[in-house]
$ cat my_file_13.tsv   # TSV, C-alpha atoms and all ligand atoms
chain	number	residue	atom	x	y	z
A	1	MET	CA	130.14	61.80	121.16
A	2	ARG	CA	126.54	60.67	121.51
A	3	ILE	CA	125.67	63.95	123.26
A	4	LEU	CA	127.49	65.96	120.62
A	5	MET	CA	125.49	64.25	117.89
A	6	SER	CA	122.14	64.67	119.57
A	7	THR	CA	122.62	68.39	120.07
A	8	SER	CA	123.86	69.02	116.54
A	9	ASN	CA	121.43	70.70	114.19
A	10	ALA	CA	120.07	69.09	111.06
A	11	ASN	CA	121.03	70.16	107.58
A	12	ILE	CA	118.24	72.22	106.09
A	13	LEU	CA	116.71	70.73	102.97
A	14	ASP	CA	116.13	74.03	101.21
A	15	GLY	CA	113.17	73.77	98.83
A	16	LYS	CA	113.27	77.45	97.98
A	17	ALA	CA	116.88	77.25	96.79
A	18	LEU	CA	116.35	74.03	94.80
A	19	SER	CA	113.19	75.49	93.38
A	20	ASP	CA	114.94	78.68	92.22
A	21	ARG	CA	117.66	76.62	90.55
A	22	MET	CA	115.20	74.30	88.81
A	23	ARG	CA	112.93	77.13	87.70
A	24	GLY	CA	115.93	78.83	86.08
A	25	GLU	CA	116.63	75.68	84.07
A	26	LEU	CA	112.97	75.16	83.22
A	27	GLY	CA	112.76	78.77	82.02
A	28	GLU	CA	115.71	78.20	79.65
A	29	GLU	CA	114.12	75.02	78.33
A	30	ALA	CA	110.77	76.74	77.82
A	31	SER	CA	112.44	79.58	75.94
A	32	LEU	CA	114.31	77.22	73.59
A	33	LEU	CA	111.16	75.21	72.94
A	34	THR	CA	109.15	78.37	72.31
A	35	LYS	CA	111.64	79.47	69.63
A	36	LYS	CA	111.72	76.02	68.08
A	37	HIS	CA	107.96	75.49	67.93
A	38	GLY	CA	106.62	79.03	67.61
A	39	ARG	CA	104.46	78.91	70.71
A	40	ALA	CA	104.96	78.84	74.46
A	41	PRO	CA	103.84	76.03	76.76
A	42	GLY	CA	100.39	76.86	78.16
A	43	LEU	CA	98.78	76.11	81.52
A	44	ALA	CA	95.07	76.62	82.20
A	45	VAL	CA	94.22	77.16	85.86
A	46	ILE	CA	90.61	76.87	86.99
A	47	ILE	CA	89.45	78.08	90.37
A	48	VAL	CA	85.87	77.78	91.57
A	49	GLY	CA	84.66	79.98	94.43
A	50	ASN	CA	86.45	82.57	96.53
A	51	ASP	CA	88.48	80.76	99.17
A	52	PRO	CA	91.23	83.33	99.91
A	53	ALA	CA	93.97	80.71	100.51
A	54	SER	CA	93.19	79.04	97.16
A	55	HIS	CA	93.41	82.40	95.42
A	56	VAL	CA	96.87	82.98	96.93
A	57	TYR	CA	98.07	79.56	95.67
A	58	VAL	CA	96.67	80.23	92.22
A	59	LYS	CA	98.35	83.64	92.08
A	60	ASN	CA	101.69	82.01	93.00
A	61	LYS	CA	101.22	79.41	90.27
A	62	LYS	CA	100.48	82.08	87.65
A	63	LEU	CA	103.52	84.10	88.75
A	64	GLY	CA	105.69	80.97	88.59
A	65	CYS	CA	104.47	80.34	85.05
A	66	GLU	CA	105.20	83.86	83.85
A	67	LYS	CA	108.73	83.81	85.21
A	68	ALA	CA	109.41	80.45	83.54
A	69	GLY	CA	108.06	81.50	80.13
A	70	ILE	CA	104.87	79.46	80.43
A	71	ARG	CA	101.62	81.09	79.29
A	72	SER	CA	98.86	80.89	81.85
A	73	PHE	CA	95.14	81.05	81.14
A	74	SER	CA	93.09	81.63	84.24
A	75	HIS	CA	89.44	80.80	84.69
A	76	GLU	CA	87.94	82.21	87.87
A	77	LEU	CA	84.45	80.83	88.29
A	78	PRO	CA	81.80	81.78	90.88
A	79	ALA	CA	81.10	79.46	93.83
A	80	ASP	CA	77.69	78.48	92.38
A	81	THR	CA	79.17	77.21	89.08
A	82	THR	CA	77.45	73.95	88.15
A	83	GLN	CA	79.39	70.74	87.69
A	84	GLN	CA	78.03	70.57	84.15
A	85	HIS	CA	79.40	74.03	83.34
A	86	LEU	CA	82.80	73.10	84.75
A	87	LEU	CA	82.81	69.87	82.70
A	88	GLY	CA	82.01	71.95	79.61
A	89	LEU	CA	85.00	74.23	80.24
A	90	ILE	CA	87.32	71.24	80.79
A	91	SER	CA	86.15	69.72	77.53
A	92	GLU	CA	86.98	72.97	75.70
A	93	LEU	CA	90.42	73.12	77.29
A	94	ASN	CA	91.05	69.44	76.49
A	95	HIS	CA	90.62	70.37	72.82
A	96	ASP	CA	92.43	73.73	72.91
A	97	PRO	CA	95.83	73.36	71.17
A	98	LYS	CA	97.30	76.34	73.11
A	99	VAL	CA	96.71	74.52	76.39
A	100	ASP	CA	99.20	71.82	77.42
A	101	GLY	CA	98.24	71.56	81.08
A	102	ILE	CA	94.95	71.88	82.98
A	103	LEU	CA	94.75	72.36	86.73
A	104	VAL	CA	91.54	72.58	88.74
A	105	GLN	CA	92.40	74.05	92.13
A	106	LEU	CA	91.18	71.86	95.01
A	107	PRO	CA	89.07	71.86	97.07
A	108	VAL	CA	86.04	72.55	94.83
A	109	PRO	CA	82.68	73.54	96.37
A	110	ALA	CA	80.69	70.68	97.94
A	111	HIS	CA	78.13	70.40	95.10
A	112	ILE	CA	80.93	69.46	92.68
A	113	ASN	CA	82.43	65.96	92.75
A	114	PRO	CA	86.23	66.26	92.56
A	115	GLU	CA	86.70	62.71	91.19
A	116	THR	CA	84.32	63.42	88.29
A	117	ILE	CA	86.22	66.61	87.50
A	118	ILE	CA	89.65	65.01	87.65
A	119	GLU	CA	88.55	62.14	85.43
A	120	ALA	CA	87.24	64.58	82.82
A	121	ILE	CA	90.72	66.08	82.27
A	122	ASP	CA	92.67	64.64	79.33
A	123	PRO	CA	95.36	62.51	81.09
A	124	GLY	CA	97.96	64.04	78.75
A	125	LYS	CA	97.06	67.49	80.15
A	126	ASP	CA	96.70	66.38	83.78
A	127	VAL	CA	99.74	68.29	85.07
A	128	ASP	CA	98.65	67.71	88.70
A	129	GLY	CA	99.08	63.96	88.08
A	130	PHE	CA	95.75	63.28	89.85
A	131	HIS	CA	93.93	61.39	87.06
A	132	PRO	CA	93.57	57.65	87.79
A	133	TYR	CA	95.42	57.01	84.51
A	134	ASN	CA	98.51	58.87	85.75
A	135	VAL	CA	98.30	57.38	89.27
A	136	GLY	CA	98.00	53.95	87.63
A	137	ARG	CA	101.02	54.60	85.43
A	138	LEU	CA	103.06	55.37	88.55
A	139	ALA	CA	101.71	52.25	90.30
A	140	ALA	CA	102.69	50.16	87.26
A	141	ARG	CA	106.26	51.58	87.30
A	142	GLN	CA	105.77	53.51	84.06
A	143	PRO	CA	105.28	57.05	85.34
A	144	ALA	CA	103.80	59.56	82.91
A	145	LEU	CA	102.68	62.83	84.57
A	146	ARG	CA	103.54	62.53	88.28
A	147	SER	CA	101.77	64.22	91.22
A	148	CYS	CA	103.61	67.47	91.92
A	149	THR	CA	104.00	67.31	95.71
A	150	PRO	CA	105.40	63.74	95.91
A	151	TYR	CA	107.52	64.40	92.80
A	152	GLY	CA	108.91	67.52	94.51
A	153	CYS	CA	109.64	65.51	97.67
A	154	MET	CA	111.64	63.02	95.56
A	155	LYS	CA	113.72	65.89	94.13
A	156	LEU	CA	114.37	67.11	97.68
A	157	LEU	CA	115.44	63.62	98.81
A	158	ALA	CA	117.81	63.43	95.84
A	159	GLU	CA	119.51	66.61	97.11
A	160	THR	CA	120.69	64.74	100.22
A	161	GLY	CA	122.62	62.34	97.98
A	162	ILE	CA	121.19	59.38	99.88
A	163	ASP	CA	120.61	56.00	98.16
A	164	LEU	CA	116.92	55.17	98.68
A	165	HIS	CA	117.24	51.43	98.07
A	166	GLY	CA	116.01	49.51	101.12
A	167	LYS	CA	115.53	52.64	103.23
A	168	GLU	CA	112.84	52.45	105.94
A	169	CYS	CA	110.35	55.15	104.92
A	170	VAL	CA	107.29	56.13	106.89
A	171	ILE	CA	104.63	58.32	105.30
A	172	VAL	CA	102.04	59.87	107.59
A	173	GLY	CA	98.87	60.52	105.60
A	174	ALA	CA	97.21	58.50	102.84
A	175	SER	CA	95.35	61.06	100.73
A	176	ASN	CA	95.00	60.66	96.98
A	177	ILE	CA	97.03	63.80	96.32
A	178	VAL	CA	99.96	63.35	98.72
A	179	GLY	CA	100.31	60.19	100.85
A	180	ARG	CA	99.35	57.53	98.29
A	181	PRO	CA	101.34	58.80	95.29
A	182	MET	CA	104.25	59.45	97.70
A	183	ALA	CA	104.19	55.76	98.66
A	184	LEU	CA	104.27	54.80	94.96
A	185	GLU	CA	107.21	57.14	94.29
A	186	LEU	CA	109.27	55.74	97.15
A	187	LEU	CA	108.42	52.17	96.20
A	188	LEU	CA	109.50	52.87	92.62
A	189	ALA	CA	112.79	54.21	94.01
A	190	GLY	CA	113.43	50.93	95.88
A	191	ALA	CA	112.56	52.00	99.43
A	192	THR	CA	110.64	49.97	102.01
A	193	VAL	CA	107.44	51.89	102.60
A	194	THR	CA	104.96	52.13	105.48
A	195	VAL	CA	101.88	54.32	105.11
A	196	CYS	CA	100.26	55.56	108.34
A	197	HIS	CA	96.74	57.02	108.47
A	198	ARG	CA	93.87	57.63	110.82
A	199	PHE	CA	93.54	53.95	111.80
A	200	THR	CA	97.24	53.38	112.40
A	201	ARG	CA	97.96	52.16	115.93
A	202	ASN	CA	100.98	53.66	117.68
A	203	LEU	CA	102.21	56.21	115.17
A	204	GLN	CA	105.17	56.97	117.46
A	205	GLN	CA	106.54	53.43	117.10
A	206	HIS	CA	106.51	53.71	113.32
A	207	ILE	CA	108.19	57.12	113.34
A	208	GLU	CA	110.89	55.98	115.78
A	209	ARG	CA	112.26	53.39	113.36
A	210	ALA	CA	112.00	55.50	110.20
A	211	GLU	CA	115.10	56.58	108.29
A	212	ILE	CA	112.92	58.82	106.12
A	213	ILE	CA	109.70	60.48	107.33
A	214	ILE	CA	107.19	62.16	105.06
A	215	ALA	CA	104.70	64.07	107.21
A	216	ALA	CA	101.44	64.74	105.34
A	217	ALA	CA	98.57	64.32	107.81
A	218	GLY	CA	97.52	67.96	107.83
A	219	LYS	CA	97.75	68.03	111.67
A	220	ARG	CA	99.90	70.78	113.14
A	221	GLY	CA	102.78	69.44	115.29
A	222	LEU	CA	101.53	65.83	115.10
A	223	ILE	CA	105.09	64.49	114.81
A	224	LYS	CA	107.03	65.12	118.02
A	225	GLY	CA	110.72	65.97	117.83
A	226	GLU	CA	111.65	63.29	120.39
A	227	TRP	CA	110.25	60.57	118.11
A	228	ILE	CA	112.75	61.28	115.34
A	229	ARG	CA	115.50	58.71	114.87
A	230	GLU	CA	119.00	60.20	115.07
A	231	GLY	CA	120.07	61.27	111.56
A	232	ALA	CA	116.69	60.66	109.90
A	233	ILE	CA	115.54	62.68	106.90
A	234	VAL	CA	112.34	64.60	107.65
A	235	VAL	CA	110.18	65.99	104.86
A	236	ASP	CA	107.29	68.08	106.17
A	237	VAL	CA	104.44	68.50	103.68
A	238	GLY	CA	101.95	69.95	106.19
A	239	ILE	CA	101.07	73.64	106.01
A	240	HIS	CA	99.20	75.46	108.76
A	241	ARG	CA	98.66	79.17	109.22
A	242	ILE	CA	99.09	79.89	112.94
A	243	GLU	CA	97.86	82.63	115.31
A	244	ASP	CA	100.67	85.09	114.56
A	245	GLY	CA	100.05	84.72	110.81
A	246	SER	CA	103.15	82.63	110.09
A	247	LEU	CA	103.23	79.11	108.60
A	248	THR	CA	104.16	75.85	110.30
A	249	GLY	CA	104.06	72.14	109.50
A	250	ASP	CA	103.05	68.71	110.81
A	251	VAL	CA	106.44	68.28	112.53
A	252	GLU	CA	107.66	70.04	115.69
A	253	PHE	CA	110.53	71.70	113.89
A	254	ALA	CA	112.66	73.03	116.77
A	255	THR	CA	113.01	69.68	118.54
A	256	ALA	CA	113.02	67.54	115.38
A	257	SER	CA	115.87	69.53	113.85
A	258	LYS	CA	118.10	68.63	116.82
A	259	ARG	CA	117.82	64.93	115.95
A	260	ALA	CA	117.27	64.80	112.19
A	261	GLY	CA	120.11	64.58	109.69
A	262	TRP	CA	118.10	66.62	107.17
A	263	ILE	CA	114.82	68.48	107.55
A	264	THR	CA	112.63	70.65	105.32
A	265	PRO	CA	111.46	73.99	106.74
A	266	VAL	CA	107.90	75.31	106.47
A	267	PRO	CA	107.70	77.63	104.62
A	268	GLY	CA	110.53	77.18	102.09
A	269	GLY	CA	110.51	73.38	101.87
A	270	VAL	CA	107.98	71.29	99.97
A	271	GLY	CA	105.61	74.16	99.01
A	272	PRO	CA	107.84	75.88	96.43
A	273	MET	CA	108.79	72.48	94.98
A	274	THR	CA	105.13	71.63	94.35
A	275	ILE	CA	104.82	74.64	92.07
A	276	THR	CA	108.18	73.92	90.43
A	277	MET	CA	107.07	70.39	89.53
A	278	LEU	CA	103.83	71.80	88.11
A	279	LEU	CA	105.96	73.92	85.76
A	280	ALA	CA	108.12	70.88	84.92
A	281	ASN	CA	105.01	68.80	84.17
A	282	THR	CA	103.59	71.53	81.93
A	283	ILE	CA	106.80	71.58	79.88
A	284	GLN	CA	106.78	67.77	79.76
A	285	ALA	CA	103.17	67.78	78.51
A	286	PHE	CA	104.03	70.48	75.94
A	287	LYS	CA	106.87	68.36	74.56
A	288	ALA	CA	104.66	65.30	74.39
A	289	HIS	CA	101.98	67.26	72.50
A	290	LEU	CA	104.57	68.45	69.98
A	291	GLY	CA	106.24	65.07	69.69
A	292	ASP	CA	109.48	66.67	70.98
A	293	GLU	CA	110.83	64.16	73.52
B	1	LIG	N1	103.37	71.75	100.58
B	1	LIG	C1	102.52	71.44	99.62
B	1	LIG	O1	102.82	71.64	98.48
B	1	LIG	C2	101.21	70.84	99.96
B	1	LIG	C3	100.82	70.79	101.26
B	1	LIG	N2	99.66	70.20	101.61
B	1	LIG	C4	99.38	70.11	103.05
B	1	LIG	O2	99.66	68.79	103.45
B	1	LIG	C5	98.75	68.37	104.44
B	1	LIG	C6	98.01	67.13	103.97
B	1	LIG	O3	97.25	67.44	102.81
B	1	LIG	P1	96.21	66.39	102.16
B	1	LIG	O4	96.90	65.13	101.87
B	1	LIG	O5	95.48	67.11	101.13
B	1	LIG	O6	95.24	66.19	103.45
B	1	LIG	P2	94.01	65.21	103.68
B	1	LIG	O7	93.27	65.76	104.83
B	1	LIG	O8	93.32	64.96	102.39
B	1	LIG	O9	94.72	63.85	104.09
B	1	LIG	C7	95.33	63.69	105.34
B	1	LIG	C8	95.72	62.25	105.56
B	1	LIG	O10	96.33	62.12	106.85
B	1	LIG	C9	95.65	61.14	107.61
B	1	LIG	N3	95.62	61.53	109.03
B	1	LIG	C10	94.87	62.50	109.60
B	1	LIG	N4	95.11	62.55	110.93
B	1	LIG	C11	96.02	61.61	111.19
B	1	LIG	C12	96.65	61.16	112.38
B	1	LIG	N5	96.40	61.74	113.55
B	1	LIG	N6	97.53	60.15	112.29
B	1	LIG	C13	97.81	59.57	111.11
B	1	LIG	N7	97.24	59.95	109.95
B	1	LIG	C14	96.35	60.95	109.99
B	1	LIG	C15	94.27	61.05	107.01
B	1	LIG	O11	93.76	59.75	107.27
B	1	LIG	P3	92.38	59.22	106.68
B	1	LIG	O12	92.65	58.91	105.25
B	1	LIG	O13	92.11	57.98	107.45
B	1	LIG	O14	91.40	60.32	106.88
B	1	LIG	C16	94.57	61.27	105.53
B	1	LIG	O15	95.02	60.08	104.93
B	1	LIG	C17	97.88	69.59	104.72
B	1	LIG	O16	98.44	70.31	105.80
B	1	LIG	C18	97.96	70.38	103.45
B	1	LIG	O17	97.75	71.76	103.67
B	1	LIG	C19	98.87	69.58	100.68
B	1	LIG	C20	99.20	69.60	99.36
B	1	LIG	C21	100.39	70.26	98.88
B	2	LIG	N1	94.74	71.05	91.95
B	2	LIG	C1	95.52	71.36	92.98
B	2	LIG	N2	96.86	71.19	92.87
B	2	LIG	C2	97.68	71.48	93.92
B	2	LIG	O1	98.92	71.33	93.80
B	2	LIG	C3	97.11	72.00	95.12
B	2	LIG	C4	95.72	72.17	95.18
B	2	LIG	N3	94.96	71.81	94.11
B	2	LIG	N4	95.14	72.65	96.30
B	2	LIG	C5	95.92	73.10	97.43
B	2	LIG	C6	97.25	72.38	97.54
B	2	LIG	C7	98.28	73.12	98.36
B	2	LIG	N5	99.36	73.43	97.45
B	2	LIG	C8	100.46	74.23	97.74
B	2	LIG	C9	101.30	74.72	96.77
B	2	LIG	C10	102.33	75.59	97.07
B	2	LIG	C11	102.56	76.00	98.36
B	2	LIG	C12	103.65	76.97	98.65
B	2	LIG	O2	104.24	77.56	97.75
B	2	LIG	N6	103.98	77.23	99.93
B	2	LIG	C13	104.99	78.16	100.34
B	2	LIG	C14	104.39	79.28	101.19
B	2	LIG	C15	103.32	80.07	100.50
B	2	LIG	C16	102.71	81.11	101.44
B	2	LIG	O3	103.46	81.96	101.93
B	2	LIG	O4	101.48	81.04	101.66
B	2	LIG	C17	106.02	77.45	101.21
B	2	LIG	O5	105.68	76.41	101.78
B	2	LIG	O6	107.12	77.97	101.30
B	2	LIG	C18	101.75	75.50	99.34
B	2	LIG	C19	100.72	74.62	99.05
B	2	LIG	C20	99.05	72.97	96.22
B	2	LIG	N7	97.89	72.35	96.21
B	3	MG	MG	92.94	67.19	100.80
$ encode --input "my_file_13.tsv" --output "structure tokens" --more "lines below"
Ligand SMILES: NC(=O)C1=CN([C@@H]2O[C@H](COP(=O)(O)OP(=O)(O)OC[C@H]3O[C@@H](n4cnc5c(N)ncnc54)[C@H](OP(=O)(O)O)[C@@H]3O)[C@@H](O)[C@H]2O)C=CC1
Ligand SMILES: Nc1nc(=O)c2c([nH]1)NC[C@@H]1CN(c3ccc(C(=O)N[C@@H](CCC(=O)O)C(=O)O)cc3)C=[N+]21
Ligand SMILES: [Mg+2]
Amino acid sequence: MRILMSTSNANILDGKALSDRMRGELGEEASLLTKKHGRAPGLAVIIVGNDPASHVYVKNKKLGCEKAGIRSFSHELPADTTQQHLLGLISELNHDPKVDGILVQLPVPAHINPETIIEAIDPGKDVDGFHPYNVGRLAARQPALRSCTPYGCMKLLAETGIDLHGKECVIVGASNIVGRPMALELLLAGATVTVCHRFTRNLQQHIERAEIIIAAAGKRGLIKGEWIREGAIVVDVGIHRIEDGSLTGDVEFATASKRAGWITPVPGGVGPMTITMLLANTIQAFKAHLGDE
């Protein structure tokens, strides 16, 4: 029995499928709201510099918007754009009534301070959920606009039907955009949360007792399959482009999927959900701006 279980394959937590379903619903909502209010929800996307990977992400976001009936306004700025110029553009967009959401693609060039930029965005238009106001709202158990990647991970966890109360969750990674807001989401949902980072001693020991693992260290294959507790839920946020051009995550998928109860693939797991939650946040911000809630 034991052997049977340990050789069985995990259920795939399919972010692409959930994403397609949710985007269909969001598109219907956007279309109804557009008829009712005489304008479509609008998302402004700012990209500074010419990092090819960033341009691919931004293209996917714009495509996602179009398909869901959200207007997108793109601002492609040269790598030598000054911080002052960028702040000027954000101020304009903060006051533009056609714009419900503002996203500044990260990373920005080194001469621009990302914290200063994020803080300049009107928190009501901060559809990334990165502004300290929105992070604080989540910390205080009154979420407003929530960070897209952790929010998407919560939607994926809900798909498993599992009750999160009291679950032993281990997050690997403590960045402002993934690990930290993920910890706040899980805490809000009633889980017991451990956050591992660069100074964590014995990562393996933490992983081995986790019922839910969120891998977001940005280190390819950091989480070994043999560490996974039998039946655990594994959500892999990491994205790495490997030698043959394909994508892989922070978890050793082949071995982990033999032990996990559920596991997200890379690609087709968390990535598509991040964009879906951006669309959801833009519609949420639109409704708030129109007083339609
Ligand atoms: N699928 C999606 O939608 C998204 C995917 N990503 C991907 O997720 C990954 C993480 O992104 P992001 O949070 O921005 O990355 P960061 O590099 O900003 O943060 C990584 C975090 O992991 C910690 N860390 C690094 N090495 C280890 C280690 N060996 N053991 C434990 N902790 C470690 C770091 O610790 P410390 O703080 O001490 O430095 C840091 O807290 C990347 O692969 C990125 O490409 C990111 C955003 C969205
Ligand atoms: N202001 C800002 N907001 C972000 O949300 C943001 C950012 N900056 N900077 C970069 C990271 C990364 N990120 C991803 C989004 C979608 C996929 C995604 O759709 N991935 C697909 C694969 C896409 C491909 O084939 O390249 C998948 O995993 O299936 C991945 C990564 C958002 N980020
Ligand atoms: Mg980062």
$ closest_atom_pairs --input "my_file_13.tsv" --of "chain A" --to "ligand LIG 1 (chain B)" --cutoff "8 Å" --atoms "only C-alpha atoms and all ligand atoms" --output "CSV"
residue,atom,partner,partner_atom,distance
A:Cys148,CA,B:LIG1,O1,7.8
A:Thr149,CA,B:LIG1,O1,5.3
A:Val172,CA,B:LIG1,N7,5.3
A:Gly173,CA,B:LIG1,O10,3.3
A:Ala174,CA,B:LIG1,O15,3.4
A:Ser175,CA,B:LIG1,O15,4.3
A:Asn176,CA,B:LIG1,O4,6.9
A:Ile177,CA,B:LIG1,O4,5.7
A:Val178,CA,B:LIG1,O4,4.7
A:Gly179,CA,B:LIG1,O4,6.1
A:Cys196,CA,B:LIG1,C13,5.5
A:His197,CA,B:LIG1,N7,3.3
A:Arg198,CA,B:LIG1,O13,3.8
A:Phe199,CA,B:LIG1,O13,6.1
A:Thr200,CA,B:LIG1,C13,6.3
A:Leu203,CA,B:LIG1,N6,6.8
A:Ala215,CA,B:LIG1,C5,7.8
A:Ala216,CA,B:LIG1,C6,4.4
A:Ala217,CA,B:LIG1,O10,3.3
A:Gly218,CA,B:LIG1,O16,3.2
A:Lys219,CA,B:LIG1,N4,6.1
A:Arg220,CA,B:LIG1,O16,7.5
A:Leu222,CA,B:LIG1,N5,6.7
A:Asp236,CA,B:LIG1,N1,7.8
A:Val237,CA,B:LIG1,N1,4.6
A:Gly238,CA,B:LIG1,O16,3.5
A:Ile239,CA,B:LIG1,O16,4.2
A:His240,CA,B:LIG1,O16,6.0
A:Gly249,CA,B:LIG1,O16,7.0
A:Asp250,CA,B:LIG1,O16,7.0
A:Gly269,CA,B:LIG1,N1,7.4
A:Val270,CA,B:LIG1,N1,4.7
A:Gly271,CA,B:LIG1,N1,3.6
A:Pro272,CA,B:LIG1,O1,6.9
A:Met273,CA,B:LIG1,O1,7.0
A:Thr274,CA,B:LIG1,O1,4.7
A:Ile275,CA,B:LIG1,O1,7.4
$ residues_near_ligand --input "my_file_13.tsv" --ligand "ligand LIG 2 (chain B)" --cutoff "10 Å" --atoms "all atoms listed in the file" --output "CSV table (one decimal) with C-alpha atoms, in the frame of the given file"
chain,number,residue,atom,x,y,z
A,14,ASP,CA,116.1,74.0,101.2
A,15,GLY,CA,113.2,73.8,98.8
A,16,LYS,CA,113.3,77.4,98.0
A,45,VAL,CA,94.2,77.2,85.9
A,46,ILE,CA,90.6,76.9,87.0
A,47,ILE,CA,89.4,78.1,90.4
A,53,ALA,CA,94.0,80.7,100.5
A,54,SER,CA,93.2,79.0,97.2
A,55,HIS,CA,93.4,82.4,95.4
A,56,VAL,CA,96.9,83.0,96.9
A,57,TYR,CA,98.1,79.6,95.7
A,58,VAL,CA,96.7,80.2,92.2
A,60,ASN,CA,101.7,82.0,93.0
A,61,LYS,CA,101.2,79.4,90.3
A,64,GLY,CA,105.7,81.0,88.6
A,102,ILE,CA,95.0,71.9,83.0
A,103,LEU,CA,94.8,72.4,86.7
A,104,VAL,CA,91.5,72.6,88.7
A,105,GLN,CA,92.4,74.0,92.1
A,106,LEU,CA,91.2,71.9,95.0
A,107,PRO,CA,89.1,71.9,97.1
A,108,VAL,CA,86.0,72.6,94.8
A,114,PRO,CA,86.2,66.3,92.6
A,118,ILE,CA,89.6,65.0,87.6
A,126,ASP,CA,96.7,66.4,83.8
A,127,VAL,CA,99.7,68.3,85.1
A,128,ASP,CA,98.6,67.7,88.7
A,129,GLY,CA,99.1,64.0,88.1
A,130,PHE,CA,95.8,63.3,89.8
A,147,SER,CA,101.8,64.2,91.2
A,148,CYS,CA,103.6,67.5,91.9
A,149,THR,CA,104.0,67.3,95.7
A,177,ILE,CA,97.0,63.8,96.3
A,178,VAL,CA,100.0,63.4,98.7
A,236,ASP,CA,107.3,68.1,106.2
A,237,VAL,CA,104.4,68.5,103.7
A,238,GLY,CA,102.0,70.0,106.2
A,239,ILE,CA,101.1,73.6,106.0
A,240,HIS,CA,99.2,75.5,108.8
A,241,ARG,CA,98.7,79.2,109.2
A,245,GLY,CA,100.0,84.7,110.8
A,246,SER,CA,103.2,82.6,110.1
A,247,LEU,CA,103.2,79.1,108.6
A,248,THR,CA,104.2,75.8,110.3
A,249,GLY,CA,104.1,72.1,109.5
A,264,THR,CA,112.6,70.6,105.3
A,265,PRO,CA,111.5,74.0,106.7
A,266,VAL,CA,107.9,75.3,106.5
A,267,PRO,CA,107.7,77.6,104.6
A,268,GLY,CA,110.5,77.2,102.1
A,269,GLY,CA,110.5,73.4,101.9
A,270,VAL,CA,108.0,71.3,100.0
A,271,GLY,CA,105.6,74.2,99.0
A,272,PRO,CA,107.8,75.9,96.4
A,273,MET,CA,108.8,72.5,95.0
A,274,THR,CA,105.1,71.6,94.4
A,275,ILE,CA,104.8,74.6,92.1
A,276,THR,CA,108.2,73.9,90.4
A,277,MET,CA,107.1,70.4,89.5
A,278,LEU,CA,103.8,71.8,88.1
$ residues_around --input "my_file_13.tsv" --residues "Glu208 of chain A" --least-positions-apart "2" --cutoff "6 Å" --atoms "only C-alpha atoms" --output "list of chain:residue names"
A:Gln205, A:His206, A:Ala210, A:Trp227, A:Ile228, A:Arg229
$ residues_near_point --input "my_file_13.tsv" --point "(102.9, 80.6, 76.0)" --cutoff "7 Å" --atoms "all atoms listed in the file" --output "ChimeraX atom specification"
/A:39-42,69-71
$ closest_residue --input "my_file_13.tsv" --among "A:Leu186, A:Ala10, A:Ala280, A:Leu290" --to "Ala254 of chain A" --atoms "only C-alpha atoms"
A:Ala10
